[in-house]
Structures are given as structure tokens and as C-alpha cells.
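For reference, run-v1.cif is printed below; it contains mmCIF, C-alpha atoms.
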```cif
data_my_file
#
loop_
_atom_site.label_atom_id
_atom_site.label_comp_id
_atom_site.auth_asym_id
_atom_site.auth_seq_id
_atom_site.Cartn_x
_atom_site.Cartn_y
_atom_site.Cartn_z
CA MET I 1 33.96 76.74 27.85
CA SER I 2 37.35 77.17 29.54
CA SER I 3 39.20 80.47 29.59
CA ARG I 4 42.01 78.84 27.62
CA THR I 5 39.59 77.77 24.89
CA CYS I 6 38.07 81.25 24.77
CA LEU I 7 41.54 82.76 24.42
CA LEU I 8 42.39 80.36 21.59
CA LEU I 9 39.16 81.22 19.74
CA SER I 10 39.89 84.94 20.13
CA VAL I 11 43.36 84.46 18.67
CA LEU I 12 41.99 82.48 15.72
CA VAL I 13 39.31 85.08 14.99
CA ALA I 14 41.90 87.88 15.12
CA ALA I 15 44.24 85.92 12.87
CA GLY I 16 41.43 85.31 10.38
CA ALA I 17 40.58 89.00 10.31
CA ALA I 18 44.23 89.84 9.73
CA LEU I 19 44.46 87.36 6.86
CA LYS I 20 41.32 88.68 5.18
CA PRO I 21 42.51 91.32 2.66
CA ARG I 22 41.28 94.83 3.32
CA LEU I 23 39.40 96.31 0.39
CA ASP I 24 41.91 99.10 -0.15
CA TYR I 25 44.83 96.65 -0.02
CA SER I 26 43.08 94.37 -2.52
CA LEU I 27 42.38 97.33 -4.79
CA GLY I 28 46.03 98.31 -4.57
CA LEU I 29 47.04 94.88 -5.88
CA HIS I 30 44.67 95.28 -8.83
CA ALA I 31 46.08 98.73 -9.55
CA GLN I 32 49.58 97.25 -9.54
CA ARG I 33 48.55 94.58 -12.04
CA PHE I 34 46.99 97.28 -14.20
CA ALA I 35 50.21 99.33 -14.13
CA ARG I 36 52.32 96.29 -14.97
CA ALA I 37 50.11 95.48 -17.95
CA LEU I 38 50.32 99.12 -19.06
CA VAL I 39 54.14 99.07 -18.92
CA ASN I 40 54.32 95.78 -20.81
CA GLY I 41 51.86 96.85 -23.49
CA GLN I 42 49.41 94.12 -22.48
CA SER I 43 46.21 95.90 -23.38
CA ARG I 44 44.29 92.62 -23.57
CA GLU I 45 45.06 91.98 -19.89
CA ILE I 46 43.63 95.40 -19.06
CA TYR I 47 40.60 94.69 -21.26
CA ARG I 48 39.94 91.45 -19.35
CA ALA I 49 39.98 93.38 -16.07
CA PHE I 50 36.88 95.39 -17.07
CA VAL I 51 33.34 94.68 -15.96
CA PRO I 52 31.72 92.09 -18.25
CA VAL I 53 29.31 94.58 -19.84
CA PHE I 54 32.28 96.61 -21.13
CA ARG I 55 33.67 93.55 -22.89
CA ASP I 56 30.20 92.67 -24.21
CA GLU I 57 29.63 96.08 -25.76
CA ILE I 58 33.12 97.37 -26.62
CA GLU I 59 35.30 95.39 -29.01
CA PHE I 60 38.88 94.73 -27.97
CA ALA I 61 40.24 96.28 -31.18
CA ARG I 62 38.60 99.60 -30.32
CA PHE I 63 39.92 99.54 -26.77
CA ASP I 64 43.40 98.56 -27.94
CA SER I 65 43.35 101.46 -30.41
CA ALA I 66 42.51 103.89 -27.59
CA VAL I 67 45.41 102.60 -25.47
CA ARG I 68 47.82 102.88 -28.40
CA ALA I 69 46.63 106.43 -29.16
CA TRP I 70 47.21 107.44 -25.54
CA ARG I 71 50.68 105.88 -25.51
CA ALA I 72 51.57 107.40 -28.90
CA GLY I 73 54.64 105.22 -29.35
CA ARG I 74 56.27 106.51 -26.16
CA ARG I 75 58.31 104.25 -23.88
CA ILE I 76 57.21 104.02 -20.24
CA THR I 77 60.19 104.32 -17.90
CA SER I 78 58.45 104.22 -14.52
CA VAL I 79 55.04 104.07 -12.87
CA ARG I 80 53.69 104.92 -9.44
CA ASN I 81 50.32 103.86 -8.00
CA ARG I 82 48.07 105.34 -5.35
CA VAL I 83 44.71 104.11 -4.06
CA VAL I 84 42.59 107.25 -3.80
CA ASP I 85 39.61 105.86 -1.91
CA VAL I 86 37.23 102.97 -1.39
CA ARG I 87 33.62 104.04 -0.86
CA GLY I 88 30.55 101.88 -1.13
CA LEU I 89 30.90 99.44 -4.00
CA GLY I 90 33.42 101.68 -5.73
CA GLY I 91 37.11 102.35 -5.52
CA HIS I 92 39.46 104.74 -7.28
CA ALA I 93 43.18 104.61 -7.98
CA SER I 94 45.70 106.72 -9.83
CA THR I 95 48.64 105.42 -11.84
CA TYR I 96 51.30 108.04 -12.55
CA VAL I 97 53.23 107.23 -15.72
CA MET I 98 56.63 108.62 -16.68
CA PHE I 99 57.58 108.44 -20.36
CA GLY I 100 61.15 108.48 -21.60
CA GLY I 101 62.38 111.95 -22.52
CA GLU I 102 59.58 113.72 -20.61
CA THR I 103 59.97 115.68 -17.40
CA ASP I 104 56.57 115.19 -15.78
CA TYR I 105 54.20 112.32 -15.07
CA GLU I 106 50.96 111.65 -16.87
CA TYR I 107 48.31 109.88 -14.89
CA VAL I 108 45.51 107.42 -15.54
CA TYR I 109 42.63 107.66 -13.06
CA GLN I 110 40.85 104.35 -12.61
CA SER I 111 37.32 103.71 -11.39
CA TRP I 112 36.86 100.20 -10.04
CA LEU I 113 33.72 98.30 -9.04
CA ASN I 114 33.53 95.70 -6.29
CA THR I 115 31.25 93.18 -7.97
CA GLY I 116 31.32 90.65 -5.14
CA GLU I 117 33.66 88.51 -7.23
CA GLY I 118 36.60 90.89 -6.97
CA TRP I 119 37.43 94.33 -8.31
CA ARG I 120 36.64 95.08 -11.95
CA LEU I 121 37.52 98.17 -13.96
CA ALA I 122 34.64 100.51 -14.76
CA TRP I 123 36.47 103.47 -16.31
CA LEU I 124 39.92 104.77 -17.28
CA SER I 125 40.32 108.53 -17.57
CA ASN I 126 42.74 109.91 -20.17
CA ILE I 127 42.51 106.66 -22.14
CA LEU I 128 38.75 106.33 -22.65
CA ASP I 129 36.60 109.24 -23.75
CA GLN I 130 32.86 109.85 -23.73
CA THR I 131 32.39 108.00 -27.03
CA PHE I 132 32.86 104.79 -25.03
CA GLN I 133 29.23 104.29 -24.10
CA TYR I 134 28.43 101.01 -22.36
CA GLY I 135 26.15 99.81 -19.60
CA ARG I 136 23.36 101.90 -21.15
CA SER I 137 21.66 99.57 -23.61
CA ASP I 138 18.96 98.26 -21.22
CA THR I 139 16.76 101.36 -21.17
CA ALA I 140 14.14 99.87 -18.82
CA SER I 141 16.84 99.11 -16.23
CA LEU I 142 18.33 102.59 -16.67
CA GLU I 143 15.00 104.25 -15.87
CA ALA I 144 14.31 101.93 -12.93
CA ALA I 145 17.78 102.52 -11.49
CA ALA I 146 17.42 106.29 -11.95
CA ARG I 147 14.07 106.25 -10.20
CA ALA I 148 15.56 104.30 -7.27
CA ALA I 149 18.51 106.71 -7.03
CA LEU I 150 16.27 109.79 -7.00
CA ALA I 151 13.81 108.18 -4.59
CA TRP I 152 16.62 107.63 -2.09
CA ILE I 153 18.46 110.93 -2.41
CA LEU I 154 15.26 113.01 -2.42
CA THR I 155 14.49 112.16 1.18
CA ASP I 156 15.52 114.06 4.29
CA SER I 157 17.99 111.36 5.34
CA GLY I 158 19.36 110.95 1.83
CA ILE I 159 19.93 114.62 1.13
CA ARG I 160 21.83 115.05 4.40
CA ARG I 161 24.55 112.89 2.91
CA VAL I 162 25.13 115.77 0.49
CA HIS I 163 24.85 118.53 3.11
CA ARG I 164 23.66 118.14 6.68
CA ARG I 165 21.67 121.40 6.61
CA PHE I 166 20.15 120.94 3.17
CA VAL I 167 16.32 121.00 3.18
CA LEU I 168 14.36 119.74 0.19
CA PRO I 169 11.31 121.58 -1.15
CA ASP I 170 8.00 119.80 -1.66
CA THR I 171 8.60 119.71 -5.44
CA VAL I 172 12.05 119.31 -7.01
CA ILE I 173 13.08 120.75 -10.39
CA VAL I 174 15.15 118.31 -12.45
CA VAL I 175 17.00 119.16 -15.67
CA THR I 176 16.18 116.90 -18.60
CA ARG I 177 18.65 116.24 -21.40
CA GLY I 178 16.58 113.62 -23.20
CA ARG I 179 18.46 110.63 -21.81
CA HIS I 180 16.94 107.17 -21.61
CA GLU I 181 17.14 107.04 -17.82
CA GLU I 182 14.92 110.08 -17.39
CA GLY I 183 11.97 108.17 -18.83
CA ASP I 184 8.63 109.36 -17.53
CA ILE I 185 9.56 109.83 -13.88
CA ALA I 186 7.07 112.24 -12.34
CA HIS I 187 7.52 111.22 -8.73
CA ALA I 188 10.50 109.83 -6.81
CA GLY I 189 10.06 110.35 -3.11
CA ARG I 190 8.42 113.68 -3.92
CA PRO I 191 6.98 115.30 -7.09
CA LEU I 192 9.43 116.15 -9.86
CA VAL I 193 9.17 118.94 -12.42
CA TRP I 194 11.39 118.37 -15.47
CA ARG I 195 12.84 121.33 -17.37
CA THR I 196 15.19 121.53 -20.33
CA PRO I 197 18.27 123.74 -19.84
CA ALA I 198 16.66 126.35 -22.11
CA GLU I 199 13.43 126.33 -20.12
CA LEU I 200 15.35 126.59 -16.88
CA ALA I 201 17.34 129.55 -18.19
CA GLY I 202 14.10 131.22 -19.21
CA ASP I 203 12.05 130.77 -16.04
CA GLY I 204 14.60 129.70 -13.42
CA GLY I 205 14.58 133.09 -11.80
CA ARG I 206 10.79 133.06 -11.49
CA THR I 207 10.26 129.60 -10.02
CA GLY I 208 11.11 130.65 -6.48
CA ALA I 209 13.25 127.51 -6.22
CA ALA I 210 16.68 127.75 -4.62
CA PHE I 211 18.22 124.99 -6.73
CA TYR I 212 17.65 122.39 -9.40
CA CYS I 213 18.66 118.75 -9.59
CA GLU I 214 20.70 117.22 -12.40
CA LEU I 215 20.87 113.48 -13.01
CA GLY I 216 24.22 112.33 -14.37
CA LEU I 217 24.77 109.35 -16.61
CA VAL I 218 23.38 106.13 -15.17
CA ARG I 219 25.18 102.91 -16.00
CA VAL I 220 24.02 99.36 -15.37
CA PHE I 221 26.65 96.68 -14.81
CA GLY I 222 24.60 93.51 -14.46
CA ASP I 223 22.86 93.72 -11.07
CA ILE I 224 24.81 96.81 -10.00
CA GLY I 225 23.84 100.31 -11.03
CA VAL I 226 25.83 103.55 -10.69
CA ALA I 227 24.18 106.98 -10.73
CA ALA I 228 25.39 110.50 -10.01
CA VAL I 229 23.10 113.31 -8.87
CA ASP I 230 24.08 117.00 -8.76
CA PHE I 231 22.34 119.81 -6.91
CA VAL I 232 22.91 123.21 -8.50
CA PRO I 233 21.96 126.53 -6.84
CA LEU I 234 19.93 128.96 -8.89
CA ARG I 235 21.40 131.77 -6.80
CA GLU I 236 25.11 131.29 -6.12
CA GLY I 237 26.61 131.97 -2.73
CA ARG I 238 23.49 131.50 -0.62
CA PRO I 239 23.76 128.91 2.16
CA PRO I 240 23.36 126.10 2.68
CA LEU I 241 23.68 125.31 -1.05
CA ASP I 242 26.29 127.91 -1.94
CA ARG I 243 27.83 125.91 -4.80
CA ARG I 244 27.19 122.86 -6.95
CA ARG I 245 27.24 119.70 -4.88
CA GLY I 246 26.86 116.11 -5.95
CA ILE I 247 26.82 112.51 -4.88
CA GLU I 248 27.54 109.12 -6.43
CA LEU I 249 25.13 106.31 -5.61
CA TYR I 250 25.45 102.55 -5.99
CA LEU I 251 22.34 100.45 -6.47
CA ARG I 252 21.60 96.72 -6.38
CA ARG I 253 18.92 94.84 -8.29
CA ASP I 254 17.00 92.06 -6.55
CA ARG I 255 13.68 90.33 -7.19
CA GLN I 256 11.77 93.43 -6.10
CA GLY I 257 13.73 95.74 -8.41
CA TRP I 258 16.45 98.33 -7.88
CA ARG I 259 17.39 99.48 -4.40
CA PHE I 260 19.92 101.92 -2.97
CA GLN I 261 23.03 100.07 -1.77
CA SER I 262 25.68 102.60 -0.76
CA VAL I 263 27.14 106.07 -1.21
CA GLY I 264 30.28 106.59 -3.25
CA LYS I 265 31.97 109.94 -3.78
CA VAL I 266 30.45 113.17 -2.46
CA TRP I 267 31.66 116.46 -3.92
#
```

Is it possible to give me this structure as C-alpha cells?
Amino acid sequence: MSSRTCLLLSVLVAAGAALKPRLDYSLGLHAQRFARALVNGQSREIYRAFVPVFRDEIEFARFDSAVRAWRAGRRITSVRNRVVDVRGLGGHASTYVMFGGETDYEYVYQSWLNTGEGWRLAWLSNILDQTFQYGRSDTASLEAAARAALAWILTDSGIRRVHRRFVLPDTVIVVTRGRHEEGDIAHAGRPLVWRTPAELAGDGGRTGAAFYCELGLVRVFGDIGVAAVDFVPLREGRPPLDRRRGIELYLRRDRQGWRFQSVGKVW
């Protein structure tokens, strides 16, 4: 192959990479479309931007009512968008909304999911509230996804994504709140001991454990799962876990079941 041909191929490859939209740029375009629909009162356009499971389980009339309640008859005079981050399969953006006659912005924080077929909305803060439960009807998938999330994070390499000097004990205490995803998980990478908040308050000081684990809501969006796991110190201020820390995990389902795919936010 001649040097001229090699140079031409290099230029074409570079041009192709430049033309391929970066994930954050693509997310920014979706956030702009969301803001435009918000300004124009096109709640059905926003509804269509959600992950399919949202539209399957939440009726449009209910969503439209939530948007109208948030807007409360006010006229939007300007909006400003900002992509917050893109991590793993997830992305987050903020839309700052100015209403006529008001002196400060309100904002709508958006959680987006990269489904492989483009970005889809997964959540809207300040418009939706916790009564909007979706992606939680398949209880078997919830438990399997939760088990996969715990099995990954409760390893030495997994836990270092939360804190590089964090060392796991042989047995991990996990708080149970009676959710479907908790199921009957007794082992996920290492043995688990489940305690209710009341039980933990009663014997937490006598377990000898430095922390407990708390599994957040797990949601299943088709073949993508999202789980959050918090680690809470039983004795505040002692390193390395001197405060509550947490991590968001994305999972994929294949023929063998649920597997860890990527890390989202870490707090």
C-alpha cells in the first residue's frame, strides 16, 4: 500500500470519527428538543421521548396532568440547557426555565438512558414524583438484576469504584425494606445478612460491622437494568468510609441472565 493511499485512509478515518456524534453532543440535542417541547406545551412529544416501559405503564393523561401541575398556568419566557454528564449507559441534563413575572429560574433535571437506539428519557425531577412507579412490574427480573448488581459491587475491584481504600468484610449487612428486588438473596459475591431498619438500629452497635449496605430502587427497562447501592457507616467520621457513599450501576440482560455493564454516577 502506497504512502499516499495510507494518508488518504487516515484522513477518511479521521473525518468519519469527526462526523460521528459524540454522546454528550447527541444528548445535548435531545435536551434541546425536550426544552422546545416544554416551551411549546407539547407534553405528548416529551411523553414519546421516554423509554418504552414508561409509556407501557404510565398513561399519557397522567403524565400530561403532572406537566400541567408543574407549569401551573405560567408562561415560559426563556430556557437554558446544560448537559451535566454522560457516564456508562446514562446521561443527565438540566433545563433551567424562566417563567414570566418571576425573578429566578426553576430547573428540570433529566435522566436519560442510552438504549442503543438513541437517548430515551428515564426520569424528570420536579415534574414526576415517587408515585410514578414503572420498570418494576417484572419481579423476577428485578431480583435477578439486584443480585447481579450486588455480586459485582461486593468484590474488591467493584468496591474500589466507590472508594479506592474501601475493604469489604467477609459478610455484608444489607438493609431490607421489603422491596421485590430484595427477594431471597443470601449470597452475592459474599454472604449477605439482611436487617430491617429497626433491627439495625437495635443491634447495629453490637455487630462489630463498620457499615451497612442499602440497595436503592432497581428499575428494568427492557434488557437494561439500573440499580443504586449505598454504603452507610455505622460510626460516622471514621476512614475510609467517613460518610455515606453510593454508586449507580447499569446492567444488561443476555441469554445467560443479567450482567454488570457500566458504572454511572458515584457520590

Original post:
If you apply the PyMOL selection byres ((chain I and resi 31) around 12) to this file, what residues do you get, as a PyMOL selection string?
Top reply: chain I and resi 24-30+32-38+46+49+79-84+91-96+108-112+119-121+124

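Counting all atoms listed in the file, the residue from I:Val39, I:Ala149, I:Cys213, I:Leu113 that sits nearest to Arg71 (chain I) is I:Val39.
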
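Of the residues listed (I:Ala209, I:Val167, I:Val220, I:Ala148), I:Ala209 shows the shortest atom-to-atom separation from Pro233 (chain I); distances use only C-alpha atoms.
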
Subject >> Residue neighbourhood Leu154 (chain I), 10 Å, all atoms listed in the file, exclusion window fewer than 2 positions, as a VMD selection string >> reply: chain I and resid 148 to 152 156 to 160 167 to 172 188 to 192 213

Output the selection as a compact mmCIF listing (two decimals), in the coordinates of the input - C-alpha atoms for each residue.
```txt
# COMPACT_ATOMS: atom_id res chain seq x y z
CA ALA I 148 15.56 104.30 -7.27
CA ALA I 149 18.51 106.71 -7.03
CA LEU I 150 16.27 109.79 -7.00
CA ALA I 151 13.81 108.18 -4.59
CA TRP I 152 16.62 107.63 -2.09
CA ASP I 156 15.52 114.06 4.29
CA SER I 157 17.99 111.36 5.34
CA GLY I 158 19.36 110.95 1.83
CA ILE I 159 19.93 114.62 1.13
CA ARG I 160 21.83 115.05 4.40
CA VAL I 167 16.32 121.00 3.18
CA LEU I 168 14.36 119.74 0.19
CA PRO I 169 11.31 121.58 -1.15
CA ASP I 170 8.00 119.80 -1.66
CA THR I 171 8.60 119.71 -5.44
CA VAL I 172 12.05 119.31 -7.01
CA ALA I 188 10.50 109.83 -6.81
CA GLY I 189 10.06 110.35 -3.11
CA ARG I 190 8.42 113.68 -3.92
CA PRO I 191 6.98 115.30 -7.09
CA LEU I 192 9.43 116.15 -9.86
CA CYS I 213 18.66 118.75 -9.59
```

**OP:** Measure the distance from CA of Leu215 (chain I) to CA of Tyr107 (chain I) in Å and round it to one decimal.
**Re:** 27.7 Å

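When only C-alpha atoms are used to compute distances to Arg179 (chain I), the closest of the residues I:Asp223, I:Glu214, I:Glu106, I:Glu117 turns out to be I:Glu214.
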
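Of the residues under consideration (I:Gly116, I:Gly264, I:Gly178, I:Gly135), I:Gly135 shows the shortest atom-to-atom contact distance to Arg219 (chain I) when counting only C-alpha atoms.
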
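The smallest atom-to-atom distance between Arg252 (chain I) and any of I:Val175, I:His180, I:Ala122, I:Phe221, using all atoms listed in the file, is found for I:Phe221.
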
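Residue nearest Leu234 (chain I), chosen from I:Gly246, I:Gly208, I:Gly257, I:Gly216 and counting all atoms listed in the file: I:Gly208.
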